[in-house]
>>> print(open('start-v2.csv').read())   # CSV, C-alpha atoms and all ligand atoms
chain,number,residue,atom,x,y,z
A,1,MET,CA,-36.2,-46.0,-116.2
A,2,ASN,CA,-36.1,-47.6,-112.8
A,3,CYS,CA,-39.1,-49.8,-112.2
A,4,ASN,CA,-40.0,-51.1,-108.8
A,5,ILE,CA,-42.1,-54.2,-108.9
A,6,ALA,CA,-43.6,-56.4,-106.2
A,7,VAL,CA,-43.5,-60.0,-107.5
A,8,ILE,CA,-45.9,-62.5,-106.1
A,9,LYS,CA,-45.3,-65.8,-107.7
A,10,GLY,CA,-47.9,-67.5,-105.6
A,11,ASP,CA,-49.0,-71.2,-105.8
A,12,GLY,CA,-49.3,-73.9,-108.4
A,13,ILE,CA,-47.9,-72.9,-111.8
A,14,GLY,CA,-47.5,-69.3,-110.5
A,15,PRO,CA,-43.7,-69.6,-109.8
A,16,GLU,CA,-43.0,-71.2,-113.1
A,17,VAL,CA,-44.8,-68.7,-115.3
A,18,VAL,CA,-43.7,-65.6,-113.4
A,19,THR,CA,-40.1,-66.7,-113.6
A,20,GLU,CA,-40.5,-66.6,-117.4
A,21,ALA,CA,-42.1,-63.2,-117.4
A,22,MET,CA,-39.2,-61.9,-115.3
A,23,LYS,CA,-36.8,-63.4,-117.9
A,24,VAL,CA,-38.6,-61.5,-120.6
A,25,LEU,CA,-38.7,-58.3,-118.6
A,26,ASP,CA,-35.0,-58.5,-118.0
A,27,ALA,CA,-34.4,-58.9,-121.8
A,28,VAL,CA,-36.5,-55.8,-122.3
A,29,GLY,CA,-34.4,-54.0,-119.6
A,30,LYS,CA,-31.2,-55.0,-121.4
A,31,LYS,CA,-32.3,-53.9,-124.8
A,32,PHE,CA,-34.0,-50.6,-123.9
A,33,GLY,CA,-31.9,-49.6,-120.9
A,34,HIS,CA,-34.3,-50.0,-118.0
A,35,THR,CA,-33.8,-51.5,-114.6
A,36,PHE,CA,-36.5,-53.8,-113.1
A,37,ASN,CA,-36.1,-54.1,-109.3
A,38,TYR,CA,-38.1,-57.0,-108.0
A,39,GLU,CA,-39.1,-57.7,-104.4
A,40,GLN,CA,-40.7,-61.1,-104.0
A,41,LEU,CA,-43.7,-61.3,-101.7
A,42,LEU,CA,-46.0,-64.2,-100.6
A,43,MET,CA,-49.7,-64.4,-101.1
A,44,GLY,CA,-52.2,-67.3,-101.1
A,45,GLY,CA,-51.4,-70.8,-100.0
A,46,CYS,CA,-47.7,-70.2,-99.6
A,47,SER,CA,-48.4,-67.3,-97.3
A,48,ILE,CA,-50.8,-69.4,-95.3
A,49,ASP,CA,-48.1,-72.0,-94.9
A,50,LYS,CA,-45.6,-69.4,-93.7
A,51,TYR,CA,-47.7,-66.9,-91.8
A,52,GLY,CA,-51.1,-68.6,-91.3
A,53,ASP,CA,-52.6,-65.8,-93.3
A,54,PRO,CA,-53.2,-65.6,-97.1
A,55,LEU,CA,-52.1,-62.0,-97.2
A,56,THR,CA,-50.5,-60.1,-94.3
A,57,ASP,CA,-50.9,-56.4,-93.8
A,58,GLU,CA,-47.2,-56.0,-94.1
A,59,THR,CA,-47.2,-57.6,-97.5
A,60,VAL,CA,-50.0,-55.2,-98.6
A,61,ALA,CA,-47.9,-52.2,-97.3
A,62,ILE,CA,-44.8,-53.3,-99.3
A,63,ALA,CA,-46.9,-53.9,-102.4
A,64,LYS,CA,-48.4,-50.4,-102.1
A,65,SER,CA,-45.0,-48.9,-101.9
A,66,LYS,CA,-44.1,-50.2,-105.4
A,67,ASP,CA,-45.0,-49.1,-108.9
A,68,ALA,CA,-46.7,-52.3,-109.8
A,69,VAL,CA,-47.4,-55.9,-108.8
A,70,LEU,CA,-46.6,-58.9,-111.0
A,71,LEU,CA,-48.7,-61.8,-109.9
A,72,GLY,CA,-48.7,-65.5,-110.8
A,73,SER,CA,-51.6,-67.3,-109.4
A,74,ILE,CA,-52.9,-68.5,-106.0
A,75,GLY,CA,-54.8,-71.4,-104.6
A,76,GLY,CA,-54.7,-75.2,-104.8
A,77,ASN,CA,-57.0,-78.2,-105.4
A,78,THR,CA,-60.2,-77.3,-103.5
A,79,GLN,CA,-61.0,-80.9,-102.9
A,80,THR,CA,-57.7,-82.1,-101.5
A,81,SER,CA,-55.6,-79.1,-100.3
A,82,PRO,CA,-55.6,-78.5,-96.5
A,83,TRP,CA,-56.0,-74.7,-97.3
A,84,TYR,CA,-59.6,-75.4,-98.1
A,85,LYS,CA,-60.3,-76.8,-94.6
A,86,LEU,CA,-59.7,-73.3,-93.2
A,87,PRO,CA,-62.5,-70.8,-92.7
A,88,PRO,CA,-63.3,-69.0,-96.0
A,89,ASN,CA,-61.7,-65.7,-95.0
A,90,LYS,CA,-58.4,-67.6,-94.3
A,91,ARG,CA,-58.2,-69.4,-97.7
A,92,PRO,CA,-55.9,-68.5,-100.6
A,93,GLU,CA,-58.6,-66.6,-102.6
A,94,ALA,CA,-59.3,-64.3,-99.6
A,95,GLY,CA,-55.7,-63.0,-100.2
A,96,LEU,CA,-56.5,-62.1,-103.8
A,97,LEU,CA,-59.7,-60.4,-102.9
A,98,LYS,CA,-58.0,-58.5,-100.1
A,99,ILE,CA,-55.2,-57.2,-102.3
A,100,ARG,CA,-57.6,-56.0,-105.0
A,101,LYS,CA,-59.7,-54.2,-102.4
A,102,GLU,CA,-56.8,-52.7,-100.4
A,103,LEU,CA,-55.1,-51.4,-103.5
A,104,GLY,CA,-58.4,-50.1,-105.0
A,105,LEU,CA,-58.0,-52.1,-108.2
A,106,PHE,CA,-61.5,-51.6,-109.5
A,107,ALA,CA,-60.8,-51.9,-113.2
A,108,ASN,CA,-59.9,-55.4,-114.5
A,109,LEU,CA,-58.9,-55.4,-118.2
A,110,ARG,CA,-58.9,-58.8,-119.8
A,111,PRO,CA,-58.0,-58.7,-123.5
A,112,ALA,CA,-59.1,-61.7,-125.6
A,113,TYR,CA,-57.5,-61.9,-129.0
A,114,LEU,CA,-57.4,-64.8,-131.4
A,115,TYR,CA,-53.9,-65.1,-132.9
A,116,PRO,CA,-54.2,-66.2,-136.5
A,117,GLU,CA,-51.7,-68.9,-135.8
A,118,LEU,CA,-53.9,-70.4,-133.1
A,119,LYS,CA,-57.1,-70.5,-135.1
A,120,GLU,CA,-57.0,-74.3,-135.0
A,121,ALA,CA,-56.8,-74.3,-131.2
A,122,CYS,CA,-60.0,-72.3,-131.2
A,123,PRO,CA,-62.9,-74.6,-130.3
A,124,LEU,CA,-65.4,-72.7,-132.4
A,125,LYS,CA,-66.6,-73.5,-135.9
A,126,GLU,CA,-64.0,-72.8,-138.6
A,127,SER,CA,-66.2,-70.2,-140.2
A,128,VAL,CA,-66.3,-68.3,-136.8
A,129,ALA,CA,-62.6,-68.7,-136.0
A,130,GLU,CA,-61.8,-67.6,-139.5
A,131,ARG,CA,-63.2,-64.1,-138.8
A,132,GLY,CA,-61.0,-63.8,-135.7
A,133,PHE,CA,-61.8,-61.5,-132.7
A,134,ASP,CA,-60.2,-58.9,-130.6
A,135,MET,CA,-62.1,-57.8,-127.5
A,136,MET,CA,-61.3,-56.2,-124.1
A,137,ILE,CA,-63.4,-57.4,-121.2
A,138,MET,CA,-63.6,-54.7,-118.6
A,139,ARG,CA,-64.6,-56.3,-115.4
A,140,GLU,CA,-65.5,-54.3,-112.3
A,141,LEU,CA,-63.3,-55.9,-109.6
A,142,THR,CA,-63.9,-54.5,-106.2
A,143,GLY,CA,-67.7,-54.5,-105.8
A,144,GLY,CA,-70.8,-56.6,-106.4
A,145,LEU,CA,-71.3,-60.1,-105.0
A,146,TYR,CA,-67.7,-60.7,-104.2
A,147,PHE,CA,-67.6,-57.9,-101.7
A,148,GLY,CA,-71.1,-57.7,-100.4
A,149,GLU,CA,-72.3,-58.9,-97.0
A,150,ARG,CA,-72.5,-62.6,-96.8
A,151,TYR,CA,-73.5,-65.1,-94.1
A,152,THR,CA,-74.9,-68.6,-93.6
A,153,LYS,CA,-77.2,-69.2,-90.7
A,154,GLU,CA,-80.2,-71.2,-89.6
A,155,ILE,CA,-83.5,-69.3,-90.2
A,156,ASP,CA,-86.6,-71.0,-88.7
A,157,GLY,CA,-84.7,-74.2,-88.6
A,158,VAL,CA,-83.5,-74.1,-92.2
A,159,MET,CA,-79.9,-73.5,-93.2
A,160,THR,CA,-79.8,-70.3,-95.3
A,161,ALA,CA,-77.0,-68.6,-97.1
A,162,VAL,CA,-77.0,-65.0,-98.2
A,163,ASP,CA,-74.8,-63.1,-100.6
A,164,THR,CA,-75.5,-59.5,-101.5
A,165,LEU,CA,-74.9,-57.7,-104.7
A,166,THR,CA,-74.4,-53.9,-104.2
A,167,TYR,CA,-73.2,-51.2,-106.5
A,168,ASN,CA,-73.3,-47.5,-106.0
A,169,GLU,CA,-73.3,-45.0,-108.9
A,170,ASN,CA,-69.8,-43.9,-108.3
A,171,GLU,CA,-68.4,-47.4,-108.5
A,172,ILE,CA,-70.2,-47.8,-111.8
A,173,ARG,CA,-69.3,-44.4,-113.2
A,174,ARG,CA,-65.5,-44.8,-112.7
A,175,ILE,CA,-65.3,-48.1,-114.5
A,176,ALA,CA,-67.6,-47.0,-117.2
A,177,VAL,CA,-65.4,-43.9,-117.9
A,178,LYS,CA,-62.3,-46.2,-118.1
A,179,GLY,CA,-64.2,-48.5,-120.5
A,180,PHE,CA,-65.1,-45.7,-122.8
A,181,ASP,CA,-61.6,-44.2,-122.6
A,182,ILE,CA,-60.2,-47.6,-123.7
A,183,ALA,CA,-62.8,-47.9,-126.4
A,184,MET,CA,-61.6,-44.6,-127.8
A,185,LYS,CA,-58.2,-46.2,-128.4
A,186,ARG,CA,-59.7,-49.3,-130.0
A,187,ARG,CA,-62.6,-49.8,-132.4
A,188,LYS,CA,-64.9,-47.4,-130.5
A,189,LYS,CA,-67.6,-49.7,-129.4
A,190,VAL,CA,-68.8,-50.5,-125.8
A,191,THR,CA,-71.2,-53.3,-124.9
A,192,LEU,CA,-72.6,-53.1,-121.4
A,193,VAL,CA,-73.4,-56.6,-120.2
A,194,ASP,CA,-76.0,-56.9,-117.5
A,195,LYS,CA,-79.2,-58.6,-116.3
A,196,ALA,CA,-81.3,-55.5,-116.3
A,197,ASN,CA,-84.5,-57.5,-117.0
A,198,VAL,CA,-84.2,-58.8,-113.4
A,199,LEU,CA,-81.7,-57.0,-111.2
A,200,ASP,CA,-81.9,-53.5,-109.7
A,201,SER,CA,-78.1,-53.3,-109.7
A,202,SER,CA,-78.1,-53.8,-113.4
A,203,ARG,CA,-80.7,-51.2,-114.0
A,204,LEU,CA,-78.4,-48.7,-112.1
A,205,TRP,CA,-75.5,-49.8,-114.3
A,206,ARG,CA,-77.6,-49.0,-117.4
A,207,LYS,CA,-78.6,-45.6,-116.1
A,208,VAL,CA,-75.1,-44.5,-115.2
A,209,THR,CA,-73.4,-46.0,-118.2
A,210,GLU,CA,-75.9,-44.3,-120.5
A,211,GLU,CA,-75.0,-41.0,-118.9
A,212,VAL,CA,-71.3,-41.6,-119.4
A,213,ALA,CA,-71.9,-42.7,-123.0
A,214,LYS,CA,-73.2,-39.2,-123.8
A,215,ASP,CA,-69.7,-37.8,-123.2
A,216,TYR,CA,-68.4,-40.1,-125.9
A,217,PRO,CA,-70.4,-39.4,-129.0
A,218,GLU,CA,-67.9,-41.2,-131.2
A,219,VAL,CA,-68.3,-44.5,-129.3
A,220,GLU,CA,-71.1,-46.9,-130.4
A,221,TYR,CA,-72.9,-48.0,-127.2
A,222,GLU,CA,-75.1,-50.9,-126.8
A,223,THR,CA,-76.4,-53.1,-123.9
A,224,MET,CA,-76.8,-56.9,-123.8
A,225,LEU,CA,-78.2,-59.3,-121.3
A,226,VAL,CA,-75.6,-61.5,-119.8
A,227,ASP,CA,-77.2,-64.8,-120.8
A,228,ASN,CA,-77.4,-63.6,-124.4
A,229,ALA,CA,-73.7,-62.4,-124.2
A,230,ALA,CA,-72.7,-65.9,-123.2
A,231,MET,CA,-74.3,-67.2,-126.4
A,232,GLN,CA,-73.0,-64.4,-128.6
A,233,LEU,CA,-69.4,-65.0,-127.4
A,234,VAL,CA,-69.5,-68.4,-129.0
A,235,LYS,CA,-71.7,-67.5,-132.0
A,236,ASP,CA,-70.1,-64.3,-133.1
A,237,PRO,CA,-67.3,-63.0,-130.9
A,238,ALA,CA,-66.0,-60.6,-133.6
A,239,GLN,CA,-68.9,-58.3,-132.8
A,240,PHE,CA,-67.3,-57.3,-129.4
A,241,ASP,CA,-64.8,-54.5,-128.8
A,242,VAL,CA,-65.0,-53.4,-125.2
A,243,MET,CA,-67.3,-55.5,-123.1
A,244,LEU,CA,-68.1,-53.6,-119.8
A,245,THR,CA,-69.6,-55.6,-117.0
A,246,GLU,CA,-69.9,-56.1,-113.2
A,247,ASN,CA,-67.6,-58.4,-111.1
A,248,MET,CA,-69.2,-61.8,-111.3
A,249,PHE,CA,-70.4,-61.6,-114.9
A,250,GLY,CA,-66.9,-60.5,-115.9
A,251,ASP,CA,-65.4,-63.4,-114.0
A,252,ILE,CA,-67.5,-65.9,-115.9
A,253,LEU,CA,-67.4,-64.3,-119.3
A,254,SER,CA,-63.7,-63.8,-119.3
A,255,ASP,CA,-63.1,-67.5,-118.8
A,256,GLU,CA,-65.4,-68.2,-121.7
A,257,ALA,CA,-63.6,-65.6,-123.8
A,258,SER,CA,-60.2,-67.1,-122.9
A,259,MET,CA,-61.3,-70.5,-123.9
A,260,ILE,CA,-62.2,-69.4,-127.4
A,261,THR,CA,-58.7,-67.9,-127.9
A,262,GLY,CA,-57.5,-71.5,-127.7
A,263,SER,CA,-56.3,-71.7,-124.1
A,264,ILE,CA,-56.7,-69.8,-120.8
A,265,GLY,CA,-52.9,-69.8,-120.9
A,266,MET,CA,-53.0,-67.0,-123.5
A,267,LEU,CA,-55.1,-64.5,-121.6
A,268,SER,CA,-53.3,-61.6,-119.8
A,269,SER,CA,-54.9,-59.2,-117.4
A,270,ALA,CA,-54.4,-55.8,-115.7
A,271,SER,CA,-56.1,-54.6,-112.6
A,272,LEU,CA,-55.9,-50.8,-112.2
A,273,ASN,CA,-56.9,-48.1,-109.8
A,274,GLU,CA,-57.2,-44.4,-110.4
A,275,THR,CA,-53.5,-43.9,-110.6
A,276,LYS,CA,-50.8,-45.6,-112.7
A,277,PHE,CA,-50.4,-48.4,-110.2
A,278,GLY,CA,-51.5,-51.8,-111.4
A,279,LEU,CA,-51.5,-55.5,-110.6
A,280,TYR,CA,-50.8,-57.7,-113.6
A,281,GLU,CA,-51.6,-61.4,-113.7
A,282,PRO,CA,-52.6,-64.1,-116.1
A,283,SER,CA,-56.4,-64.7,-116.1
A,284,GLY,CA,-56.0,-68.4,-115.6
A,285,GLY,CA,-55.7,-70.1,-112.2
A,286,SER,CA,-52.9,-72.0,-110.4
A,287,ALA,CA,-53.6,-75.3,-112.3
A,288,PRO,CA,-52.3,-77.5,-109.4
A,289,ASP,CA,-52.7,-80.6,-111.6
A,290,ILE,CA,-49.8,-79.5,-113.8
A,291,ALA,CA,-47.7,-77.5,-111.3
A,292,GLY,CA,-44.0,-78.3,-111.1
A,293,GLN,CA,-43.9,-80.1,-114.4
A,294,ASN,CA,-42.6,-77.2,-116.5
A,295,ILE,CA,-45.4,-77.6,-119.0
A,296,ALA,CA,-47.6,-74.5,-118.2
A,297,ASN,CA,-48.0,-71.9,-120.8
A,298,PRO,CA,-46.2,-68.7,-119.6
A,299,ILE,CA,-47.5,-66.5,-122.4
A,300,ALA,CA,-50.5,-65.1,-120.5
A,301,THR,CA,-48.1,-63.9,-117.7
A,302,ILE,CA,-45.6,-62.6,-120.3
A,303,LEU,CA,-48.3,-60.6,-122.0
A,304,SER,CA,-49.4,-59.3,-118.5
A,305,ALA,CA,-45.9,-58.0,-118.1
A,306,ALA,CA,-46.3,-56.2,-121.4
A,307,MET,CA,-49.5,-54.7,-120.1
A,308,MET,CA,-47.6,-53.5,-117.0
A,309,LEU,CA,-45.1,-51.7,-119.3
A,310,ARG,CA,-47.9,-50.1,-121.2
A,311,TYR,CA,-50.3,-49.0,-118.4
A,312,THR,CA,-48.0,-48.4,-115.4
A,313,PHE,CA,-44.7,-47.3,-117.0
A,314,ASP,CA,-46.0,-45.8,-120.3
A,315,LEU,CA,-43.3,-47.9,-122.1
A,316,ASP,CA,-45.3,-48.6,-125.3
A,317,LYS,CA,-42.4,-49.4,-127.5
A,318,GLU,CA,-41.2,-52.0,-125.0
A,319,ALA,CA,-44.7,-53.5,-124.6
A,320,ASP,CA,-44.9,-53.8,-128.4
A,321,ALA,CA,-41.5,-55.6,-128.3
A,322,ILE,CA,-43.0,-58.3,-126.0
A,323,GLU,CA,-46.2,-58.6,-127.9
A,324,ASN,CA,-44.3,-58.9,-131.2
A,325,ALA,CA,-41.9,-61.5,-129.7
A,326,VAL,CA,-44.9,-63.6,-128.7
A,327,LYS,CA,-46.4,-63.3,-132.2
A,328,LYS,CA,-43.1,-64.3,-133.6
A,329,VAL,CA,-42.7,-67.5,-131.6
A,330,LEU,CA,-46.2,-68.5,-132.5
A,331,GLU,CA,-45.6,-67.8,-136.2
A,332,GLU,CA,-42.4,-69.9,-136.0
A,333,GLY,CA,-44.6,-72.7,-134.7
A,334,TYR,CA,-43.5,-73.1,-131.1
A,335,ARG,CA,-46.3,-74.4,-128.9
A,336,THR,CA,-46.8,-75.4,-125.3
A,337,ILE,CA,-48.9,-78.4,-124.7
A,338,ASP,CA,-52.2,-76.5,-124.2
A,339,ILE,CA,-52.0,-74.9,-127.7
A,340,ALA,CA,-50.3,-77.7,-129.6
A,341,LYS,CA,-52.2,-79.7,-132.2
A,342,PRO,CA,-52.0,-83.5,-131.8
A,343,GLY,CA,-48.6,-84.6,-133.0
A,344,GLU,CA,-47.2,-81.1,-133.1
A,345,PRO,CA,-43.8,-80.6,-131.3
A,346,GLN,CA,-44.1,-79.1,-127.8
A,347,VAL,CA,-41.9,-76.8,-125.9
A,348,LYS,CA,-41.6,-76.6,-122.1
A,349,CYS,CA,-42.6,-73.5,-120.0
A,350,ASP,CA,-39.0,-72.3,-119.6
A,351,GLU,CA,-38.1,-72.9,-123.2
A,352,MET,CA,-41.1,-70.8,-124.3
A,353,GLY,CA,-39.9,-68.0,-121.9
A,354,SER,CA,-36.4,-68.2,-123.4
A,355,LEU,CA,-37.7,-68.2,-127.0
A,356,ILE,CA,-39.7,-65.0,-126.3
A,357,ALA,CA,-36.8,-63.3,-124.4
A,358,GLU,CA,-34.4,-64.1,-127.3
A,359,ARG,CA,-36.8,-62.3,-129.7
A,360,ILE,CA,-37.1,-59.1,-127.8
A,401,LIG,C1,-60.2,-64.6,-111.4
A,401,LIG,C2,-60.4,-65.7,-110.4
A,401,LIG,C3,-60.7,-65.1,-109.0
A,401,LIG,C4,-62.0,-64.3,-109.2
A,401,LIG,C5,-60.9,-66.2,-107.9
A,401,LIG,C6,-59.7,-67.0,-107.7
A,401,LIG,C7,-61.3,-65.5,-106.6
A,401,LIG,O1,-61.4,-66.6,-110.8
A,401,LIG,O2,-59.4,-63.8,-111.2
A,401,LIG,O3,-61.0,-64.6,-112.3
A,401,LIG,O4,-63.1,-64.9,-109.2
A,401,LIG,O5,-61.9,-63.1,-109.3
A,402,MG,MG,-62.1,-66.2,-112.8
>>> encode(input="start-v2.csv", output="structure tokens", more="lines below")
Ligand code: IPM
Ligand code: MG
Amino acid sequence: MNCNIAVIKGDGIGPEVVTEAMKVLDAVGKKFGHTFNYEQLLMGGCSIDKYGDPLTDETVAIAKSKDAVLLGSIGGNTQTSPWYKLPPNKRPEAGLLKIRKELGLFANLRPAYLYPELKEACPLKESVAERGFDMMIMRELTGGLYFGERYTKEIDGVMTAVDTLTYNENEIRRIAVKGFDIAMKRRKKVTLVDKANVLDSSRLWRKVTEEVAKDYPEVEYETMLVDNAAMQLVKDPAQFDVMLTENMFGDILSDEASMITGSIGMLSSASLNETKFGLYEPSGGSAPDIAGQNIANPIATILSAAMMLRYTFDLDKEADAIENAVKKVLEEGYRTIDIAKPGEPQVKCDEMGSLIAERI
């Protein structure tokens, strides 16, 4: 198969971790007879430096012409980087929001799985970690507060900031359908996370999701308030299969879920539209504090490449090969600094990539 991929390495640790994911993809190509054609594009701070714009329209057009996008991370230190002196719509994050919107990537899949080998890296009580967990956070990605009208202005002499949270029933239905479809391939349970005791938007989410649930009689469906969900994630994460939720709740809960897997460096993600096109990126950020030191964990990005093979190219066997290779290096005891126990030997970012590539 010939796979055309836009590669956006981005800022911070992005270039380091994406290079390792490409190394692993190339190993897959060699073993299974596929060709991965990469075109490297700029987004985020590096694009600001070159074009004065975090994402140019030309870059969007090239990305659209590919089968998939493999992304590292964007952004820098918000306290010290000159990028954050720019107006908000010219900062690195604006590029990320723009590419999600322009490519219609409304469904963000963030799997959180506790590898048995990493139980000790899990910050939860041993009795909770012992039971393990395997959930899929389905975050709506192109609506809600992140895309609503916003402004800051003086009203009656008082500075006032406004952000608006809007969802229509179609935006809710299409992600709910995806959530239930994915649940059918997993343990057949969907938890809708919302704030329906306060927000109108959440009440619409409940109404629409309940309608969708009727088409999936085999799937157990429940609702949970977001504050309770935040507690349940640390108390009993094993109860969750598919967690379906709106944009901001998903942003927050997916970071929480990643932390209980041991490290945010383990959490992959896929952002999908109605077609096979997808953007694949680690859930973690650009980690400017450790950038350029070759100590970042590339596993989240490597697992994101596996998701790309599975969801965009329907290459399940090849995706399994990557996931098994990751399991293998962990079983064999290789750890990057973020998941190593005190005193345990550590491998660098590029070594971890090579170890996984060798096990394909
Ligand atoms: C994420 C990130 C982004 C988001 C930021 C960088 C805009 O936190 O992908 O979770 O909030 O969506
Ligand atoms: Mg986030």
>>> residues_near_point(input="start-v2.csv", point="(-51.8, -63.8, -107.8)", cutoff="8 Å", atoms="all atoms listed in the file", output="PyMOL selection string")
chain A and resi 8-10+14+43-44+70-74+96+281
>>> write_last_selection(input="start-v2.csv", atoms="C-alpha atoms", output="mmCIF file, in the coordinates of the input")
data_model
loop_
_atom_site.group_PDB
_atom_site.id
_atom_site.type_symbol
_atom_site.label_atom_id
_atom_site.label_comp_id
_atom_site.auth_asym_id
_atom_site.auth_seq_id
_atom_site.Cartn_x
_atom_site.Cartn_y
_atom_site.Cartn_z
ATOM 1 C CA ILE A 8 -45.900 -62.500 -106.100
ATOM 2 C CA LYS A 9 -45.300 -65.800 -107.700
ATOM 3 C CA GLY A 10 -47.900 -67.500 -105.600
ATOM 4 C CA GLY A 14 -47.500 -69.300 -110.500
ATOM 5 C CA MET A 43 -49.700 -64.400 -101.100
ATOM 6 C CA GLY A 44 -52.200 -67.300 -101.100
ATOM 7 C CA LEU A 70 -46.600 -58.900 -111.000
ATOM 8 C CA LEU A 71 -48.700 -61.800 -109.900
ATOM 9 C CA GLY A 72 -48.700 -65.500 -110.800
ATOM 10 C CA SER A 73 -51.600 -67.300 -109.400
ATOM 11 C CA ILE A 74 -52.900 -68.500 -106.000
ATOM 12 C CA LEU A 96 -56.500 -62.100 -103.800
ATOM 13 C CA GLU A 281 -51.600 -61.400 -113.700
#
>>> residues_around(input="start-v2.csv", residues="A:Glu318", least_positions_apart="2", cutoff="8 Å", atoms="only C-alpha atoms", output="ChimeraX atom specification")
/A:28,32,306,309-310,315-316,320-322
>>> closest_residue(input="start-v2.csv", among="A:Met308, A:Ala257, A:Ala287, A:Met22", to="A:Thr78", atoms="only C-alpha atoms")
A:Ala287
>>> residues_near_ligand(input="start-v2.csv", ligand="ligand LIG 401 (chain A)", cutoff="6 Å", atoms="all atoms listed in the file", output="list of chain:residue names")
A:Glu93, A:Asp251, A:Ser283
>>> closest_atom_pairs(input="start-v2.csv", of="chain A", to="ligand MG 402 (chain A)", cutoff="9 Å", atoms="all atoms listed in the file", output="CSV")
residue,atom,partner,partner_atom,distance
A:Met248,CA,A:MG402,MG,8.5
A:Gly250,CA,A:MG402,MG,8.1
A:Asp251,CA,A:MG402,MG,4.5
A:Ile252,CA,A:MG402,MG,6.2
A:Leu253,CA,A:MG402,MG,8.6
A:Ser254,CA,A:MG402,MG,7.1
A:Asp255,CA,A:MG402,MG,6.2
A:Ser283,CA,A:MG402,MG,6.8
A:Gly284,CA,A:MG402,MG,7.1
A:Gly285,CA,A:MG402,MG,7.5
>>> decode(input="start-v2.csv", residues="stretch 64-78 of chain A", atoms="N, CA and C atoms", output="compact mmCIF listing (two decimals), in the first residue's frame")
# COMPACT_ATOMS: atom_id res chain seq x y z
N LYS A 64 -4.73 18.57 3.59
CA LYS A 64 -6.01 18.03 3.10
C LYS A 64 -5.81 17.05 1.95
N SER A 65 -4.76 17.28 1.16
CA SER A 65 -4.54 16.45 -0.02
C SER A 65 -3.94 15.08 0.32
N LYS A 66 -3.55 14.88 1.60
CA LYS A 66 -2.93 13.62 2.02
C LYS A 66 -3.98 12.67 2.58
N ASP A 67 -3.52 11.47 2.94
CA ASP A 67 -4.43 10.49 3.55
C ASP A 67 -4.57 10.73 5.05
N ALA A 68 -3.49 11.25 5.64
CA ALA A 68 -3.47 11.41 7.10
C ALA A 68 -2.40 12.41 7.50
N VAL A 69 -2.52 12.90 8.73
CA VAL A 69 -1.50 13.79 9.28
C VAL A 69 -0.92 13.14 10.53
N LEU A 70 0.40 13.12 10.61
CA LEU A 70 1.07 12.69 11.83
C LEU A 70 1.66 13.93 12.48
N LEU A 71 1.24 14.19 13.71
CA LEU A 71 1.62 15.45 14.35
C LEU A 71 2.39 15.18 15.65
N GLY A 72 3.36 16.03 15.93
CA GLY A 72 4.09 15.93 17.20
C GLY A 72 3.38 16.78 18.24
N SER A 73 3.84 17.99 18.41
CA SER A 73 3.18 18.87 19.37
C SER A 73 3.53 20.30 19.00
N ILE A 74 2.75 21.23 19.48
CA ILE A 74 3.02 22.63 19.17
C ILE A 74 3.01 23.45 20.45
N GLY A 75 3.68 24.60 20.39
CA GLY A 75 3.64 25.52 21.52
C GLY A 75 4.95 25.52 22.31
N GLY A 76 5.06 26.54 23.17
CA GLY A 76 6.26 26.68 23.98
C GLY A 76 5.89 27.08 25.39
N ASN A 77 6.85 27.61 26.09
CA ASN A 77 6.61 28.05 27.47
C ASN A 77 5.76 29.33 27.45
N THR A 78 4.57 29.26 28.01
CA THR A 78 3.64 30.38 27.89
C THR A 78 4.11 31.60 28.70
